Amino acid sequence: MSDNFDVIVIGGGPGGYVCAIRAAQLGLKAACVESRGTLGGTCLNIGCIPSKSLLNLSENFHKAKKDFSSQGIEVSDIKLNVEKMMNNKNKSVQILTKGVEFLFKKNKVSYLKGKGVIFSPSSVVVYDQGKKTSYNTKNIVIATGSSAVSLPGVMIDEKNIISSTGALSLKSVPKSLLVIGGGYIGLEMGSVWKRLGAEVTVIENLPFITPGMDREISNEFQKILTKQGIKFKLNCKVLSIKDLGSEVKVEYQNNDENKKEIILADKTLIAVGRKPYTEGLNLNKIGVKKDEKGRIKINKNFQTEIKNIYAIGDVIEGPMLAHKAEEEGIAVAELLAGQSGHVNYDVIPGVIYTSPEVAYVGKSEEQLKEEGVSYKTGKFPFLANSRAKVNNETDGFVKILADSKSDRLLGAHIIGPHCGDMIAEMALAMEFGASAEDVARTCHAHPTHTEAIKEAALAVDKRPIHF
Ligand code: NAI
């Protein structure tokens, strides 16, 4: 045994590294085990960050090609250099992952490189290139994240049949990209490659995209993406996927019909969800229990069956979102330091970084109906927002849901420009238990997109000014 820690966090993603830093800030001796070779987990290395880089770069390319000339910006000979674009993305990722390493040094978190295995409730063994080191610890936090799910019998080889990882590093623009799954990954990556020139078709099992999202927003989202040229085959089940070498053959069927159809595509992206990643941790032997979906069971203090072993992020219940994992990491660190760490699961925003963006926080109309909550709705379109108008970004609207009697905010749903940033205002308002009237009476700078939020809040009381 070479060291004694107060806490060893297994997994250096947004949940794990944030937990380790917060624990160290609170005076605990903290370590974080990571086997990838770089910190930041899926999010920084092969998820949120590289996808946002490509979303931004592909949007720039698309605008330069399609919009600039009509706006009086005459450029000729716009060419795409996929290799340079990928290098730009890789550089951003490298800087950010190194940044986490710097934060570890600054906060005196020990970075244990290698694969962590829970040897006992008070020791973790780290395997690194044939070397095995044991560490003693008072507490363990499991933050090992998730991995992509495939379809039964389908092997993702990241060549023609790809996951988000493959879709983030294609060497050239495929002529056609078939996306299976109309969720976060499918729509973000589908948007990237559509803007860069691929023909993109999305096959979704349900009759609508982005399940769980407020249906009015989801329908509008699909309409806008269709206008952008993405094709949708909704309510369709994929029956088989065959890699023919030069292309992929996908057989599918509409859930209401018997007829089978075939699509051929250069690449097929499987984006049908992710599953908790807990392999090789030795959980069975230690006695840490999982539920039927493979998620680690925890109590309200994030403790597993073994009280000094905690779990956070994608390995436990809840949305698989980096910021949700971060909040949980902080809560656990604070609990370990004797404070009252807590996560408000009613106010976890979600954002899809397409163009326009889609963002939400709180309950959808469908959820409120199901729960029998009586609510009022206020809506405001970006078409009537001056800043959106001058920027030629008028697609979408803001929708605010408030309690019929108390006027307390219950949910906010936005599809429109920059709403991934704007949703923070509504999250903060909800965190403070604000009413729609509170938001409506708050002065919002003019001209900004955020005025659409104020107007939607006014519309809850049927008194918008500009619509
Ligand atoms: P998802 O759960 O968002 O969407 C999966 C979609 O696939 C669903 O619409 C589902 O109905 C559909 N589906 C499932 N089986 C299917 C089948 N056999 N045929 C056709 N459609 C099928 O999962 P996704 O997009 O893979 O993302 C995984 C996780 O990563 C999500 O939980 C998400 O929260 C997270 N993520 C978050 C991002 C963000 O915050 N912007 C970006 C990317 C991922």
# chains A, B, ... in the order shown; residues from 1 in each chain; ligands from 1
>>> residues_near_ligand(ligand="ligand 1", cutoff="7 Å", atoms="only C-alpha atoms and all ligand atoms", output="MDAnalysis selection string")
chainID A and resid 47:48 148 151 180:186 188 203:206 209:211 236:238 271:274 319:321 350:353
>>> write_last_selection(atoms="N, CA and C atoms", output="compact mmCIF listing (two decimals), in the first residue's frame")
# COMPACT_ATOMS: atom_id res chain seq x y z
N GLY A 47 -17.12 13.55 -26.70
CA GLY A 47 -18.55 13.85 -26.54
C GLY A 47 -18.86 15.31 -26.71
N CYS A 48 -19.32 15.92 -25.61
CA CYS A 48 -19.80 17.31 -25.64
C CYS A 48 -18.84 18.26 -26.34
N ALA A 148 -21.67 3.72 -25.44
CA ALA A 148 -22.73 3.70 -26.46
C ALA A 148 -23.39 2.32 -26.52
N LEU A 151 -27.38 -1.86 -31.60
CA LEU A 151 -28.60 -2.64 -31.81
C LEU A 151 -28.23 -4.11 -31.72
N ILE A 180 -29.45 6.33 -36.96
CA ILE A 180 -30.48 5.54 -36.28
C ILE A 180 -30.65 6.11 -34.88
N GLY A 181 -31.81 6.71 -34.62
CA GLY A 181 -32.08 7.34 -33.33
C GLY A 181 -32.16 8.86 -33.46
N GLY A 182 -33.36 9.39 -33.21
CA GLY A 182 -33.56 10.84 -33.31
C GLY A 182 -33.47 11.51 -31.96
N GLY A 183 -32.36 11.24 -31.24
CA GLY A 183 -32.12 11.87 -29.93
C GLY A 183 -31.00 12.90 -30.03
N TYR A 184 -30.38 13.20 -28.89
CA TYR A 184 -29.35 14.23 -28.80
C TYR A 184 -28.21 13.99 -29.82
N ILE A 185 -27.64 12.78 -29.75
CA ILE A 185 -26.44 12.52 -30.57
C ILE A 185 -26.80 12.49 -32.05
N GLY A 186 -27.88 11.78 -32.38
CA GLY A 186 -28.27 11.65 -33.79
C GLY A 186 -28.50 13.00 -34.44
N GLU A 188 -27.51 16.10 -33.32
CA GLU A 188 -26.33 16.99 -33.36
C GLU A 188 -25.36 16.53 -34.45
N ILE A 203 -33.65 7.64 -38.88
CA ILE A 203 -34.71 6.65 -38.62
C ILE A 203 -34.97 6.65 -37.12
N GLU A 204 -36.21 6.90 -36.74
CA GLU A 204 -36.56 6.95 -35.31
C GLU A 204 -37.71 5.99 -35.04
N ASN A 205 -37.54 5.24 -34.00
CA ASN A 205 -38.51 4.21 -33.62
C ASN A 205 -39.87 4.80 -33.21
N LEU A 206 -39.84 5.95 -32.56
CA LEU A 206 -41.07 6.56 -32.07
C LEU A 206 -41.68 7.46 -33.16
N ILE A 209 -39.45 12.89 -32.62
CA ILE A 209 -38.04 12.89 -32.24
C ILE A 209 -37.90 13.35 -30.77
N THR A 210 -36.71 13.29 -30.26
CA THR A 210 -36.35 13.73 -28.89
C THR A 210 -37.41 13.38 -27.83
N PRO A 211 -37.62 12.09 -27.58
CA PRO A 211 -38.60 11.70 -26.57
C PRO A 211 -38.28 12.33 -25.22
N CYS A 236 -40.40 4.12 -37.25
CA CYS A 236 -39.81 3.05 -38.07
C CYS A 236 -38.79 2.25 -37.26
N LYS A 237 -38.87 0.97 -37.43
CA LYS A 237 -37.99 0.07 -36.67
C LYS A 237 -36.93 -0.50 -37.62
N VAL A 238 -35.70 -0.47 -37.19
CA VAL A 238 -34.62 -1.04 -38.00
C VAL A 238 -34.64 -2.56 -37.78
N ALA A 271 -27.20 5.81 -32.84
CA ALA A 271 -27.33 6.76 -31.72
C ALA A 271 -28.64 6.47 -31.00
N VAL A 272 -28.68 5.26 -30.40
CA VAL A 272 -29.93 4.82 -29.76
C VAL A 272 -29.81 4.81 -28.23
N GLY A 273 -28.86 5.57 -27.72
CA GLY A 273 -28.73 5.70 -26.27
C GLY A 273 -27.39 5.20 -25.76
N ARG A 274 -27.20 5.36 -24.45
CA ARG A 274 -25.97 4.92 -23.80
C ARG A 274 -26.32 4.11 -22.57
N PRO A 319 -30.80 11.85 -16.05
CA PRO A 319 -30.32 12.17 -17.39
C PRO A 319 -28.80 12.04 -17.49
N MET A 320 -28.34 11.48 -18.63
CA MET A 320 -26.90 11.32 -18.82
C MET A 320 -26.32 12.62 -19.34
N LEU A 321 -26.15 13.57 -18.43
CA LEU A 321 -25.68 14.90 -18.81
C LEU A 321 -24.49 15.28 -17.95
N GLY A 350 -31.53 21.00 -20.04
CA GLY A 350 -31.06 20.15 -21.14
C GLY A 350 -30.93 21.01 -22.37
N VAL A 351 -29.88 20.77 -23.16
CA VAL A 351 -29.66 21.59 -24.37
C VAL A 351 -29.26 20.69 -25.53
N ILE A 352 -29.84 20.93 -26.69
CA ILE A 352 -29.36 20.28 -27.92
C ILE A 352 -28.74 21.40 -28.76
N TYR A 353 -27.47 21.21 -29.13
CA TYR A 353 -26.70 22.31 -29.71
C TYR A 353 -26.78 22.34 -31.24
>>> select_by_dssp(residues="region 68-294 of chain A", states="strand (DSSP E)", output="ChimeraX atom specification")
/A:110-113,115-120,123-128,131-142,146-148,161-162,176-180,199-203,231-233,236-243,248-254,260-265,267-270,274-276
>>> atom_distance(atom1="CA of Phe5 (chain A)", atom2="CA of Thr137 (chain A)")
4.5 Å
>>> residues_around(residues="Lys275 (chain A)", least_positions_apart="3", cutoff="10 Å", atoms="only C-alpha atoms", output="ChimeraX atom specification")
/A:145-150,278,293-295,314-315,320
>>> closest_atom_pairs(of="region 58-161 of chain A", to="region 17-39 of chain A", cutoff="8 Å", atoms="only C-alpha atoms", output="Markdown table")
| residue | atom | partner | partner_atom | distance |
| --- | --- | --- | --- | --- |
| A:Thr97 | CA | A:Leu39 | CA | 5.4 |
| A:Lys98 | CA | A:Leu39 | CA | 7.4 |
| A:Val100 | CA | A:Leu39 | CA | 6.4 |
| A:Glu101 | CA | A:Leu39 | CA | 6.8 |
| A:Leu103 | CA | A:Ile21 | CA | 7.7 |
| A:Phe104 | CA | A:Ile21 | CA | 6.7 |
| A:Asn107 | CA | A:Ala24 | CA | 6.2 |
| A:Lys108 | CA | A:Ala24 | CA | 6.8 |
| A:Val109 | CA | A:Ala30 | CA | 5.3 |
| A:Ser110 | CA | A:Ala31 | CA | 4.4 |
| A:Tyr111 | CA | A:Cys32 | CA | 5.2 |
| A:Leu112 | CA | A:Val33 | CA | 4.6 |
| A:Lys113 | CA | A:Glu34 | CA | 5.3 |
| A:Gly114 | CA | A:Ser35 | CA | 4.1 |
| A:Lys115 | CA | A:Ser35 | CA | 4.8 |
| A:Gly116 | CA | A:Val33 | CA | 6.0 |
| A:Val126 | CA | A:Val33 | CA | 7.5 |
| A:Asp128 | CA | A:Ser35 | CA | 7.8 |
>>> select_by_dssp(residues="region 34-200 of chain A", states="helix (DSSP H, G or I)", output="compact mmCIF listing (two decimals) with C-alpha atoms, in the first residue's frame")
# COMPACT_ATOMS: atom_id res chain seq x y z
CA GLY A 41 -14.03 11.64 -19.71
CA THR A 42 -16.42 11.12 -22.62
CA CYS A 43 -17.53 14.76 -22.44
CA LEU A 44 -14.17 16.38 -23.11
CA ASN A 45 -12.57 13.65 -25.20
CA ILE A 46 -15.26 12.12 -27.41
CA CYS A 48 -19.80 17.31 -25.64
CA ILE A 49 -16.65 19.26 -26.40
CA PRO A 50 -15.51 17.83 -29.77
CA SER A 51 -19.13 17.77 -30.98
CA LYS A 52 -19.59 21.43 -30.06
CA SER A 53 -16.39 22.27 -31.91
CA LEU A 54 -17.67 20.54 -35.07
CA LEU A 55 -21.14 22.06 -34.64
CA ASN A 56 -19.59 25.52 -34.52
CA LEU A 57 -17.17 24.96 -37.41
CA SER A 58 -19.75 23.30 -39.65
CA GLU A 59 -22.19 26.13 -38.92
CA ASN A 60 -19.54 28.68 -39.96
CA PHE A 61 -18.95 26.76 -43.19
CA HIS A 62 -22.66 26.48 -43.90
CA LYS A 63 -23.25 30.19 -43.27
CA ALA A 64 -20.31 31.21 -45.43
CA LYS A 65 -21.60 29.04 -48.25
CA LYS A 66 -25.34 29.61 -48.04
CA SER A 69 -23.74 36.38 -50.33
CA SER A 70 -27.38 37.32 -49.65
CA GLN A 71 -26.10 39.41 -46.72
CA VAL A 82 -12.01 18.28 -43.21
CA GLU A 83 -8.52 17.44 -41.98
CA LYS A 84 -7.90 21.02 -40.80
CA MET A 85 -11.35 21.13 -39.20
CA MET A 86 -10.61 17.93 -37.28
CA ASN A 87 -7.20 19.26 -36.23
CA ASN A 88 -8.83 22.40 -34.92
CA LYS A 89 -11.27 20.28 -32.92
CA ASN A 90 -8.49 18.02 -31.61
CA LYS A 91 -6.44 21.03 -30.50
CA SER A 92 -9.38 22.43 -28.50
CA VAL A 93 -9.90 19.04 -26.85
CA GLN A 94 -6.22 18.73 -25.99
CA ILE A 95 -6.07 22.19 -24.40
CA LEU A 96 -9.15 21.50 -22.28
CA THR A 97 -8.06 18.05 -21.08
CA LYS A 98 -4.64 19.48 -20.14
CA GLY A 99 -6.54 22.21 -18.33
CA VAL A 100 -8.13 19.63 -16.03
CA GLU A 101 -4.67 18.20 -15.30
CA PHE A 102 -3.55 21.71 -14.35
CA LEU A 103 -6.58 22.06 -12.05
CA PHE A 104 -5.62 18.79 -10.34
CA LYS A 105 -2.12 20.13 -9.67
CA LYS A 106 -3.46 23.47 -8.47
CA ASN A 107 -5.87 21.76 -6.04
CA SER A 164 -20.68 9.25 -31.96
CA THR A 165 -16.94 8.58 -31.55
CA GLY A 166 -16.62 7.65 -35.24
CA ALA A 167 -18.95 10.47 -36.31
CA TYR A 184 -29.35 14.23 -28.80
CA ILE A 185 -26.44 12.52 -30.57
CA GLY A 186 -28.27 11.65 -33.79
CA LEU A 187 -29.54 15.18 -34.33
CA GLU A 188 -26.33 16.99 -33.36
CA MET A 189 -24.07 14.77 -35.46
CA GLY A 190 -26.65 14.57 -38.27
CA SER A 191 -26.64 18.40 -38.34
CA VAL A 192 -22.84 18.58 -38.52
CA TRP A 193 -22.56 16.27 -41.53
CA LYS A 194 -25.63 17.70 -43.26
CA ARG A 195 -24.07 21.18 -43.13
>>> residues_around(residues="Ile309 (chain A)", least_positions_apart="2", cutoff="7 Å", atoms="only C-alpha atoms", output="PyMOL selection string")
chain A and resi 121+139-141+303-304+306-307+311
>>> write_last_selection(atoms="all heavy atoms", output="PDB file, in the first residue's frame")
ATOM      1  N   PRO A 121     -13.757  -2.392   0.234  1.00  0.00           N
ATOM      2  CA  PRO A 121     -14.361  -1.083   0.478  1.00  0.00           C
ATOM      3  C   PRO A 121     -13.351  -0.022   0.939  1.00  0.00           C
ATOM      4  O   PRO A 121     -13.681   1.158   0.958  1.00  0.00           O
ATOM      5  CB  PRO A 121     -15.395  -1.372   1.569  1.00  0.00           C
ATOM      6  CG  PRO A 121     -15.748  -2.805   1.373  1.00  0.00           C
ATOM      7  CD  PRO A 121     -14.470  -3.472   0.947  1.00  0.00           C
ATOM      8  N   ASN A 139     -12.963   6.491   1.530  1.00  0.00           N
ATOM      9  CA  ASN A 139     -14.189   6.500   0.704  1.00  0.00           C
ATOM     10  C   ASN A 139     -13.832   6.303  -0.760  1.00  0.00           C
ATOM     11  O   ASN A 139     -12.734   6.669  -1.193  1.00  0.00           O
ATOM     12  CB  ASN A 139     -14.904   7.854   0.833  1.00  0.00           C
ATOM     13  CG  ASN A 139     -15.317   8.136   2.258  1.00  0.00           C
ATOM     14  OD1 ASN A 139     -16.258   7.540   2.775  1.00  0.00           O
ATOM     15  ND2 ASN A 139     -14.578   9.026   2.923  1.00  0.00           N
ATOM     16  N   ILE A 140     -14.806   5.751  -1.511  1.00  0.00           N
ATOM     17  CA  ILE A 140     -14.617   5.557  -2.956  1.00  0.00           C
ATOM     18  C   ILE A 140     -15.822   6.173  -3.650  1.00  0.00           C
ATOM     19  O   ILE A 140     -16.967   6.006  -3.192  1.00  0.00           O
ATOM     20  CB  ILE A 140     -14.527   4.044  -3.294  1.00  0.00           C
ATOM     21  CG1 ILE A 140     -13.262   3.437  -2.654  1.00  0.00           C
ATOM     22  CG2 ILE A 140     -14.530   3.817  -4.806  1.00  0.00           C
ATOM     23  CD1 ILE A 140     -13.206   1.913  -2.696  1.00  0.00           C
ATOM     24  N   VAL A 141     -15.579   6.895  -4.750  1.00  0.00           N
ATOM     25  CA  VAL A 141     -16.693   7.419  -5.555  1.00  0.00           C
ATOM     26  C   VAL A 141     -16.590   6.810  -6.951  1.00  0.00           C
ATOM     27  O   VAL A 141     -15.557   6.952  -7.617  1.00  0.00           O
ATOM     28  CB  VAL A 141     -16.667   8.965  -5.653  1.00  0.00           C
ATOM     29  CG1 VAL A 141     -17.833   9.462  -6.505  1.00  0.00           C
ATOM     30  CG2 VAL A 141     -16.707   9.598  -4.267  1.00  0.00           C
ATOM     31  N   GLN A 303     -25.003   7.022  -1.605  1.00  0.00           N
ATOM     32  CA  GLN A 303     -24.281   5.856  -1.072  1.00  0.00           C
ATOM     33  C   GLN A 303     -24.830   4.588  -1.709  1.00  0.00           C
ATOM     34  O   GLN A 303     -26.046   4.427  -1.839  1.00  0.00           O
ATOM     35  CB  GLN A 303     -24.475   5.764   0.442  1.00  0.00           C
ATOM     36  CG  GLN A 303     -23.677   6.803   1.209  1.00  0.00           C
ATOM     37  CD  GLN A 303     -24.143   6.914   2.644  1.00  0.00           C
ATOM     38  OE1 GLN A 303     -25.333   7.128   2.886  1.00  0.00           O
ATOM     39  NE2 GLN A 303     -23.224   6.785   3.584  1.00  0.00           N
ATOM     40  N   THR A 304     -23.922   3.689  -2.076  1.00  0.00           N
ATOM     41  CA  THR A 304     -24.341   2.389  -2.590  1.00  0.00           C
ATOM     42  C   THR A 304     -24.652   1.488  -1.394  1.00  0.00           C
ATOM     43  O   THR A 304     -24.641   1.939  -0.249  1.00  0.00           O
ATOM     44  CB  THR A 304     -23.214   1.752  -3.433  1.00  0.00           C
ATOM     45  OG1 THR A 304     -22.132   1.451  -2.554  1.00  0.00           O
ATOM     46  CG2 THR A 304     -22.739   2.686  -4.539  1.00  0.00           C
ATOM     47  N   ILE A 306     -22.767  -0.430  -0.068  1.00  0.00           N
ATOM     48  CA  ILE A 306     -21.597  -0.319   0.827  1.00  0.00           C
ATOM     49  C   ILE A 306     -21.454   1.173   1.155  1.00  0.00           C
ATOM     50  O   ILE A 306     -21.175   1.980   0.263  1.00  0.00           O
ATOM     51  CB  ILE A 306     -20.312  -0.845   0.132  1.00  0.00           C
ATOM     52  CG1 ILE A 306     -20.569  -2.207  -0.535  1.00  0.00           C
ATOM     53  CG2 ILE A 306     -19.126  -0.884   1.083  1.00  0.00           C
ATOM     54  CD1 ILE A 306     -20.911  -3.341   0.390  1.00  0.00           C
ATOM     55  N   LYS A 307     -21.648   1.512   2.413  1.00  0.00           N
ATOM     56  CA  LYS A 307     -21.881   2.918   2.779  1.00  0.00           C
ATOM     57  C   LYS A 307     -20.750   3.889   2.449  1.00  0.00           C
ATOM     58  O   LYS A 307     -20.996   5.073   2.257  1.00  0.00           O
ATOM     59  CB  LYS A 307     -22.246   3.028   4.275  1.00  0.00           C
ATOM     60  CG  LYS A 307     -23.578   2.356   4.623  1.00  0.00           C
ATOM     61  CD  LYS A 307     -24.748   3.018   3.870  1.00  0.00           C
ATOM     62  CE  LYS A 307     -26.036   2.211   3.953  1.00  0.00           C
ATOM     63  NZ  LYS A 307     -26.671   1.957   2.670  1.00  0.00           N
ATOM     64  N   ALA A 311     -21.743   6.624  -5.722  1.00  0.00           N
ATOM     65  CA  ALA A 311     -21.777   6.604  -7.193  1.00  0.00           C
ATOM     66  C   ALA A 311     -22.478   7.861  -7.695  1.00  0.00           C
ATOM     67  O   ALA A 311     -23.437   8.341  -7.083  1.00  0.00           O
ATOM     68  CB  ALA A 311     -22.492   5.356  -7.697  1.00  0.00           C
TER      69      ALA A 311
END
>>> residues_around(residues="Val288 (chain A)", least_positions_apart="2", cutoff="7 Å", atoms="only C-alpha atoms", output="PyMOL selection string")
chain A and resi 283-284+286+290+304-306
>>> residues_around(residues="region 345-348 of chain A", least_positions_apart="3", cutoff="8 Å", atoms="only C-alpha atoms", output="list in words")
His323, Lys324, Val361, Gly362, Lys363, Ala427, Met430 and Glu431 of chain A
>>> write_last_selection(atoms="all heavy atoms", output="CSV table (one decimal), in the first residue's frame")
chain,number,residue,atom,x,y,z
A,323,HIS,N,-23.5,18.1,-16.8
A,323,HIS,CA,-23.7,19.1,-15.7
A,323,HIS,C,-24.4,18.5,-14.6
A,323,HIS,O,-24.3,18.9,-13.4
A,323,HIS,CB,-24.4,20.4,-16.2
A,323,HIS,CG,-25.5,20.1,-17.2
A,323,HIS,ND1,-25.3,19.9,-18.5
A,323,HIS,CD2,-26.8,20.1,-17.0
A,323,HIS,CE1,-26.5,19.8,-19.1
A,323,HIS,NE2,-27.4,19.9,-18.2
A,324,LYS,N,-25.2,17.4,-14.9
A,324,LYS,CA,-25.9,16.7,-13.8
A,324,LYS,C,-24.9,16.0,-13.0
A,324,LYS,O,-24.9,16.0,-11.8
A,324,LYS,CB,-27.0,15.8,-14.4
A,324,LYS,CG,-27.7,14.8,-13.4
A,324,LYS,CD,-27.2,13.4,-13.6
A,324,LYS,CE,-28.0,12.4,-12.9
A,324,LYS,NZ,-27.3,11.1,-12.9
A,361,VAL,N,-35.9,23.5,-19.2
A,361,VAL,CA,-35.7,23.2,-17.8
A,361,VAL,C,-37.0,23.0,-17.2
A,361,VAL,O,-38.0,23.7,-17.6
A,361,VAL,CB,-34.8,24.3,-17.1
A,361,VAL,CG1,-35.5,25.7,-17.2
A,361,VAL,CG2,-34.5,24.0,-15.7
A,362,GLY,N,-37.1,22.1,-16.2
A,362,GLY,CA,-38.4,21.8,-15.5
A,362,GLY,C,-39.3,20.9,-16.3
A,362,GLY,O,-38.9,20.2,-17.2
A,363,LYS,N,-40.6,21.1,-16.0
A,363,LYS,CA,-41.6,20.1,-16.6
A,363,LYS,C,-42.1,20.5,-18.0
A,363,LYS,O,-42.2,21.7,-18.3
A,363,LYS,CB,-42.8,20.1,-15.7
A,363,LYS,CG,-42.5,19.8,-14.2
A,363,LYS,CD,-42.6,18.4,-13.9
A,363,LYS,CE,-42.4,18.2,-12.4
A,363,LYS,NZ,-42.2,16.9,-11.9
A,427,ALA,N,-33.4,28.7,-15.3
A,427,ALA,CA,-33.0,27.7,-14.3
A,427,ALA,C,-32.8,28.5,-13.0
A,427,ALA,O,-33.2,28.0,-11.9
A,427,ALA,CB,-31.7,27.0,-14.7
A,430,MET,N,-36.1,29.5,-11.5
A,430,MET,CA,-36.8,28.4,-10.9
A,430,MET,C,-36.1,27.9,-9.6
A,430,MET,O,-36.8,27.6,-8.6
A,430,MET,CB,-36.9,27.2,-11.9
A,430,MET,CG,-37.9,27.5,-13.0
A,430,MET,SD,-37.9,26.2,-14.2
A,430,MET,CE,-38.6,24.8,-13.3
A,431,GLU,N,-34.8,28.0,-9.6
A,431,GLU,CA,-34.1,27.7,-8.4
A,431,GLU,C,-34.5,28.6,-7.2
A,431,GLU,O,-34.5,28.2,-6.0
A,431,GLU,CB,-32.6,27.8,-8.7
A,431,GLU,CG,-31.6,27.1,-7.7
A,431,GLU,CD,-31.8,25.6,-7.6
A,431,GLU,OE1,-31.6,24.9,-8.6
A,431,GLU,OE2,-32.1,25.2,-6.5
>>> atom_distance(atom1="CA of Asn4 (chain A)", atom2="CA of Pro276 (chain A)")
28.4 Å
>>> closest_residue(among="A:Glu365, A:Glu370, A:Asp214, A:Glu74", to="Ala402 (chain A)", atoms="only C-alpha atoms")
A:Glu365
>>> residues_around(residues="Leu239 (chain A)", least_positions_apart="2", cutoff="9 Å", atoms="only C-alpha atoms", output="PDB file with N, CA, C and O atoms, in the first residue's frame")
ATOM      1  N   LYS A 237     -38.872   0.966 -37.428  1.00  0.00           N
ATOM      2  CA  LYS A 237     -37.991   0.067 -36.673  1.00  0.00           C
ATOM      3  C   LYS A 237     -36.935  -0.498 -37.622  1.00  0.00           C
ATOM      4  O   LYS A 237     -37.270  -0.958 -38.729  1.00  0.00           O
ATOM      5  N   ILE A 241     -28.933  -4.518 -40.191  1.00  0.00           N
ATOM      6  CA  ILE A 241     -27.902  -3.622 -40.730  1.00  0.00           C
ATOM      7  C   ILE A 241     -26.778  -4.500 -41.252  1.00  0.00           C
ATOM      8  O   ILE A 241     -26.279  -5.361 -40.532  1.00  0.00           O
ATOM      9  N   VAL A 250     -29.434  -1.021 -44.812  1.00  0.00           N
ATOM     10  CA  VAL A 250     -30.278  -1.046 -43.615  1.00  0.00           C
ATOM     11  C   VAL A 250     -31.714  -1.380 -44.013  1.00  0.00           C
ATOM     12  O   VAL A 250     -32.305  -0.720 -44.879  1.00  0.00           O
ATOM     13  N   GLU A 251     -32.240  -2.423 -43.397  1.00  0.00           N
ATOM     14  CA  GLU A 251     -33.624  -2.806 -43.662  1.00  0.00           C
ATOM     15  C   GLU A 251     -34.471  -2.296 -42.490  1.00  0.00           C
ATOM     16  O   GLU A 251     -34.090  -2.459 -41.328  1.00  0.00           O
ATOM     17  N   TYR A 252     -35.592  -1.646 -42.808  1.00  0.00           N
ATOM     18  CA  TYR A 252     -36.447  -1.119 -41.745  1.00  0.00           C
ATOM     19  C   TYR A 252     -37.915  -1.273 -42.134  1.00  0.00           C
ATOM     20  O   TYR A 252     -38.247  -1.575 -43.285  1.00  0.00           O
ATOM     21  N   GLN A 253     -38.754  -1.045 -41.153  1.00  0.00           N
ATOM     22  CA  GLN A 253     -40.186  -1.245 -41.370  1.00  0.00           C
ATOM     23  C   GLN A 253     -40.948  -0.207 -40.560  1.00  0.00           C
ATOM     24  O   GLN A 253     -40.602   0.073 -39.402  1.00  0.00           O
ATOM     25  N   LYS A 260     -41.492  -3.997 -45.766  1.00  0.00           N
ATOM     26  CA  LYS A 260     -40.096  -3.754 -45.392  1.00  0.00           C
ATOM     27  C   LYS A 260     -39.443  -2.851 -46.437  1.00  0.00           C
ATOM     28  O   LYS A 260     -39.722  -2.988 -47.620  1.00  0.00           O
TER      29      LYS A 260
END
>>> atom_distance(atom1="CA of Ile8 (chain A)", atom2="CA of Gly287 (chain A)")
18.0 Å
